[in-house]
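Asker: Just dropping this structure here.
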Amino acid sequence: MRVNLSEDFKTKYKELLGDRAESLFQAIEVDSKNAFRLNPLKNNYQNVQYKLDQPIEYSKFGYFGDIDGNSIDHLSGYVYSQEPSAMYVAEVVDPKDEKVLDLCAAPGSKTTYLASLMGGSGLLVSNEINNKRARVLSSNVERMGIKNAIVINNSPKDLEGSFEGYFDKILVDAPCSGEGMFRKDPESVQYWSPEYVEQCANRQKHILDSAFFMLKDGGTLVYSTCTFAPEENENNIAEFVKRHPEMEIVPIKKYSGMEDGRPEWGHDNQDLTKALRMFPDKFDGEGHFICKMIKAGVEKSAKIRTFKNQPTKIEMSYLDKFIKQNLTSNNLSEIFKVKEDLYQAATFDNRFKKLHVLRNGLKLGEFKKNRFEPSISWMLTLKPDDLKSVYELDDDQFIKYLHGESVLIENDFSNKWIGLSYQGKLFSWGRYSNKQIKNVYPKGLRK
Ligand SMILES: C[S@@+](CC[C@H](N)C(=O)[O-])C[C@H]1O[C@@H](n2cnc3c(N)ncnc32)[C@H](O)[C@@H]1O
């Protein structure tokens, strides 16, 4: 036995699923299939070293297969590893040029997928309550070259005060008992107990109520979990729509192997057949539940009160000089400063000022004594044509650079800040001086 399911767990699912329970238990013993997504925000984004011969039919960017976390495709944000079932969640949200809240967002699989679908338009608010996890979320947003996201670290309750009726779409990818992930992460079985399932259901209820409060009339709420537990899925949704009759469950397109939600597990609410379940004995992915709901009423846009904290004239001149020397054009807009850091904002809405913001849009760099120094986040959004100079590293130079070493080269460059690429993918700035590329790869990313 690879996964040590408890007797309580087995008894519960035998009661709920009858004869089918055995096939579920057997599926939990089988190795899960890995998958990854391409990132359409990148230049030539399909140009990756991995085979793209097993596309996932319900995902615009997903493929079955393994990726290597040390590969250039991963480091430069061309690929993101994601379990196949989880990929469908962002597709169900279907975000457009609008205000989207991902309320439980770390480590960022769904946020980065939402950003891929938004293609740089609209505002993506990626919130995570746990600070350590929020920082991982922020680094994934950076790696994937996302410009239109603000990453915040607050509790759902903290957000309510500022965002009543604000968002067009909200995703609650809730913290759950994780039963659907047992086969991918067998260790997690040890945390399971009937009481833990109840605790999760109770926490989810509060998160859902916060989401309801922040959703605009006519807005869409998508709720998802990676657990089988009816308490956390159908039952929670049935009670939620009872508390908030303005919410209507709406159908989700189902692909092969996807099943209807079970009304008998949720107060016999027949609308739950419109929700979606993925069980690993019938579906090529881990266990998941998704429900989509719409809030009654006509959409009206929340008024935005703006703030700005502009760089000084002299700082602007450092930035202009940097751009003139190193870039082919100046496409920046909406820039603002936080301490010495310069950002291109995802939002100037005042409401975010009170929150714990980890990044608002794109960090461009920072002002040092009498100059501007660019940040890697900016590089991860650039294309080779945006830069005056790009240097393609060979295999040895790439390994050295990732270690934090400088690299000697034959070429001469007339400018100082050059784009470094490997296998045609930009992944870092390099500081050129006298036939040497000085290492500026962030210490935390070195290998
Ligand atoms: C299932 S995970 C989210 C996964 C993420 N959406 C992704 O696709 O990468 C749930 C997240 O909810 C967070 N969380 C825990 N308690 C919470 C609470 N009371 N309110 C909001 N989020 C909470 C956890 O820290 C965790 O990061």
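Labels used: A, B, ... for chains in the order of the structure tokens, numbers from 1 for residues in each chain, and numbers from 1 for ligands as shown.
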Would you list the contacts of Thr220 (chain A) as a VMD selection string, taking every protein, DNA or RNA residue within 8 Å and counting only C-alpha atoms, but skipping same-chain residues closer than 4 positions in sequence?

Answerer: chain A and resid 93 168 to 170 215 292 to 295

Asker: Could you pull out the alpha helix (DSSP H) residues of region 172-211 of chain A from DSSP and send them as a list in words?

Answerer: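 Everything in region 172-211 of chain A that counts as alpha helix (DSSP H) is Pro194, Glu195, Tyr196, Val197, Glu198, Gln199, Cys200, Ala201, Asn202, Arg203, Gln204, Lys205, His206, Ile207, Leu208, Asp209, Ser210 and Ala211 of chain A.
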
Asker: Using only C-alpha atoms and all ligand atoms, tabulate the residues of chain A lying at most 8 Å from any atom of ligand 1, each with its closest atom pair and that distance in Å to one decimal, by chain and increasing residue number, as CSV.

Answerer:
```
residue,atom,partner,partner_atom_place_in_ligand_line,distance
A:Ala86,CA,ligand 1,8 (O),7.1
A:Asp102,CA,ligand 1,6 (N),7.3
A:Leu103,CA,ligand 1,21 (C),6.6
A:Cys104,CA,ligand 1,12 (O),4.2
A:Ala105,CA,ligand 1,6 (N),4.0
A:Ala106,CA,ligand 1,27 (O),4.3
A:Pro107,CA,ligand 1,9 (O),4.1
A:Gly108,CA,ligand 1,9 (O),3.8
A:Ser109,CA,ligand 1,9 (O),3.8
A:Lys110,CA,ligand 1,8 (O),4.1
A:Thr111,CA,ligand 1,8 (O),6.6
A:Glu128,CA,ligand 1,27 (O),6.0
A:Ile129,CA,ligand 1,22 (N),5.2
A:Asn130,CA,ligand 1,25 (O),5.0
A:Arg133,CA,ligand 1,27 (O),6.2
A:Ala134,CA,ligand 1,27 (O),7.8
A:Leu137,CA,ligand 1,9 (O),7.8
A:Ser155,CA,ligand 1,20 (N),5.6
A:Pro156,CA,ligand 1,20 (N),5.7
A:Val172,CA,ligand 1,6 (N),7.7
A:Asp173,CA,ligand 1,6 (N),4.9
A:Ala174,CA,ligand 1,10 (C),4.9
A:Pro175,CA,ligand 1,10 (C),3.7
A:Cys176,CA,ligand 1,1 (C),6.4
A:Gly178,CA,ligand 1,1 (C),7.9
A:Arg203,CA,ligand 1,19 (N),5.8
A:Gln204,CA,ligand 1,19 (N),7.4
A:His206,CA,ligand 1,19 (N),7.8
A:Ile207,CA,ligand 1,20 (N),5.8
A:Thr225,CA,ligand 1,1 (C),6.6
A:Cys226,CA,ligand 1,1 (C),7.0
```

Asker: Just the selected residues (N, CA and C atoms), exported as a compact mmCIF listing (two decimals), in the first residue's frame, please.

Answerer:
```txt
# COMPACT_ATOMS: atom_id res chain seq x y z
N ALA A 86 -6.67 20.56 -11.71
CA ALA A 86 -6.61 21.94 -11.22
C ALA A 86 -6.62 22.95 -12.37
N ASP A 102 -8.49 36.46 -6.70
CA ASP A 102 -8.16 35.08 -6.36
C ASP A 102 -7.88 35.13 -4.85
N LEU A 103 -8.86 34.67 -4.07
CA LEU A 103 -8.86 34.96 -2.63
C LEU A 103 -7.89 34.08 -1.84
N CYS A 104 -7.64 32.86 -2.29
CA CYS A 104 -6.74 31.93 -1.59
C CYS A 104 -5.71 31.49 -2.62
N ALA A 105 -4.72 32.31 -2.89
CA ALA A 105 -4.01 32.19 -4.17
C ALA A 105 -2.67 31.45 -4.15
N ALA A 106 -2.04 31.27 -2.98
CA ALA A 106 -0.70 30.67 -3.00
C ALA A 106 -0.77 29.15 -3.19
N PRO A 107 0.21 28.56 -3.87
CA PRO A 107 1.42 29.16 -4.41
C PRO A 107 1.25 29.86 -5.76
N GLY A 108 0.07 29.79 -6.36
CA GLY A 108 -0.13 30.61 -7.55
C GLY A 108 -0.45 29.86 -8.83
N SER A 109 -0.76 28.56 -8.72
CA SER A 109 -1.05 27.82 -9.96
C SER A 109 -2.26 28.42 -10.67
N LYS A 110 -3.29 28.72 -9.88
CA LYS A 110 -4.50 29.23 -10.56
C LYS A 110 -4.35 30.70 -10.91
N THR A 111 -3.70 31.45 -10.04
CA THR A 111 -3.45 32.87 -10.35
C THR A 111 -2.67 33.02 -11.65
N GLU A 128 -3.22 36.04 -0.47
CA GLU A 128 -2.89 34.84 0.30
C GLU A 128 -2.73 35.24 1.77
N ILE A 129 -3.39 34.51 2.65
CA ILE A 129 -3.41 34.87 4.08
C ILE A 129 -2.07 34.58 4.77
N ASN A 130 -1.36 33.55 4.31
CA ASN A 130 -0.13 33.13 4.98
C ASN A 130 1.06 33.85 4.36
N ARG A 133 3.73 31.82 2.35
CA ARG A 133 3.15 31.34 1.09
C ARG A 133 2.89 32.52 0.14
N ALA A 134 2.55 33.68 0.70
CA ALA A 134 2.32 34.85 -0.16
C ALA A 134 3.59 35.25 -0.88
N LEU A 137 4.01 32.97 -3.75
CA LEU A 137 3.05 33.42 -4.77
C LEU A 137 3.63 34.59 -5.56
N SER A 155 -6.27 38.60 5.36
CA SER A 155 -7.33 37.60 5.56
C SER A 155 -8.54 38.06 4.75
N PRO A 156 -9.40 37.13 4.35
CA PRO A 156 -10.60 37.54 3.61
C PRO A 156 -11.40 38.58 4.39
N VAL A 172 -12.62 31.27 -5.18
CA VAL A 172 -12.27 30.76 -3.85
C VAL A 172 -11.77 29.33 -4.05
N ASP A 173 -10.46 29.18 -4.13
CA ASP A 173 -9.86 27.85 -4.23
C ASP A 173 -9.48 27.51 -2.78
N ALA A 174 -10.45 26.93 -2.10
CA ALA A 174 -10.43 26.94 -0.63
C ALA A 174 -9.39 26.01 0.00
N PRO A 175 -8.88 26.42 1.17
CA PRO A 175 -8.05 25.48 1.95
C PRO A 175 -8.98 24.33 2.35
N CYS A 176 -8.54 23.10 2.12
CA CYS A 176 -9.46 21.97 2.32
C CYS A 176 -8.72 20.78 2.90
N GLY A 178 -7.95 18.13 1.49
CA GLY A 178 -6.97 17.64 0.50
C GLY A 178 -7.07 16.16 0.15
N ARG A 203 -14.28 26.73 8.10
CA ARG A 203 -13.42 27.82 7.60
C ARG A 203 -13.87 28.25 6.21
N GLN A 204 -14.22 27.28 5.39
CA GLN A 204 -14.65 27.59 4.02
C GLN A 204 -15.93 28.42 4.01
N HIS A 206 -16.85 30.66 6.13
CA HIS A 206 -16.53 32.08 6.38
C HIS A 206 -15.88 32.73 5.16
N ILE A 207 -15.02 31.97 4.49
CA ILE A 207 -14.34 32.52 3.30
C ILE A 207 -15.39 32.80 2.22
N THR A 225 -12.36 22.96 -4.59
CA THR A 225 -11.55 22.30 -3.57
C THR A 225 -10.87 21.10 -4.22
N CYS A 226 -9.85 20.57 -3.53
CA CYS A 226 -9.24 19.33 -4.03
C CYS A 226 -9.53 18.23 -3.01
```

Asker: Region 329-411 of chain A near region 321-324 of chain A within 12 Å: what's each residue's closest atom pair and its distance in Å to one decimal, counting only C-alpha atoms, ordered by chain then ascending residue number, as a Markdown table?

Answerer:
```
| residue | atom | partner | partner_atom | distance |
| --- | --- | --- | --- | --- |
| A:Ser329 | CA | A:Ile323 | CA | 7.3 |
| A:Asn330 | CA | A:Ile323 | CA | 6.6 |
| A:Asn331 | CA | A:Ile323 | CA | 9.8 |
| A:Leu332 | CA | A:Ile323 | CA | 9.9 |
| A:Leu364 | CA | A:Ile323 | CA | 11.2 |
| A:Gly365 | CA | A:Phe322 | CA | 10.8 |
| A:Glu366 | CA | A:Phe322 | CA | 11.6 |
| A:Phe367 | CA | A:Phe322 | CA | 11.1 |
| A:Asn370 | CA | A:Lys321 | CA | 11.2 |
| A:Arg371 | CA | A:Phe322 | CA | 8.2 |
| A:Phe372 | CA | A:Phe322 | CA | 6.7 |
| A:Glu373 | CA | A:Phe322 | CA | 8.2 |
| A:Pro374 | CA | A:Phe322 | CA | 8.6 |
| A:Asp386 | CA | A:Ile323 | CA | 10.2 |
| A:Leu387 | CA | A:Ile323 | CA | 9.3 |
| A:Lys388 | CA | A:Lys324 | CA | 9.2 |
```

Asker: Based on DSSP run over this structure's backbone, return all residues of region 117-223 of chain A in strand (DSSP E), as a list in words.

Answerer: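 Of region 117-223 of chain A, only Leu123, Leu124, Val125, Ser126, Asn127, Ala149, Ile150, Val151, Ile152, Phe167, Asp168, Lys169, Ile170, Leu171, Val172, Asp173, Leu215, Lys216, Asp217, Gly218, Gly219, Thr220, Leu221, Val222 and Tyr223 of chain A fall in strand (DSSP E).
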
Asker: Set out as a tab-separated table a contact list for region 257-288 of chain A and region 43-65 of chain A with a cut-off of 12 Å, giving each residue of region 257-288 of chain A that qualifies its closest atom pair and distance in Å to one decimal, counting only C-alpha atoms, ordered by chain and rising residue number.

Answerer:
```
residue	atom	partner	partner_atom	distance
A:Gly257	CA	A:Tyr58	CA	11.4
A:Met258	CA	A:Tyr58	CA	10.7
A:Phe283	CA	A:Ile56	CA	12.0
A:Asp284	CA	A:Ile56	CA	9.8
A:Gly285	CA	A:Phe64	CA	10.1
```
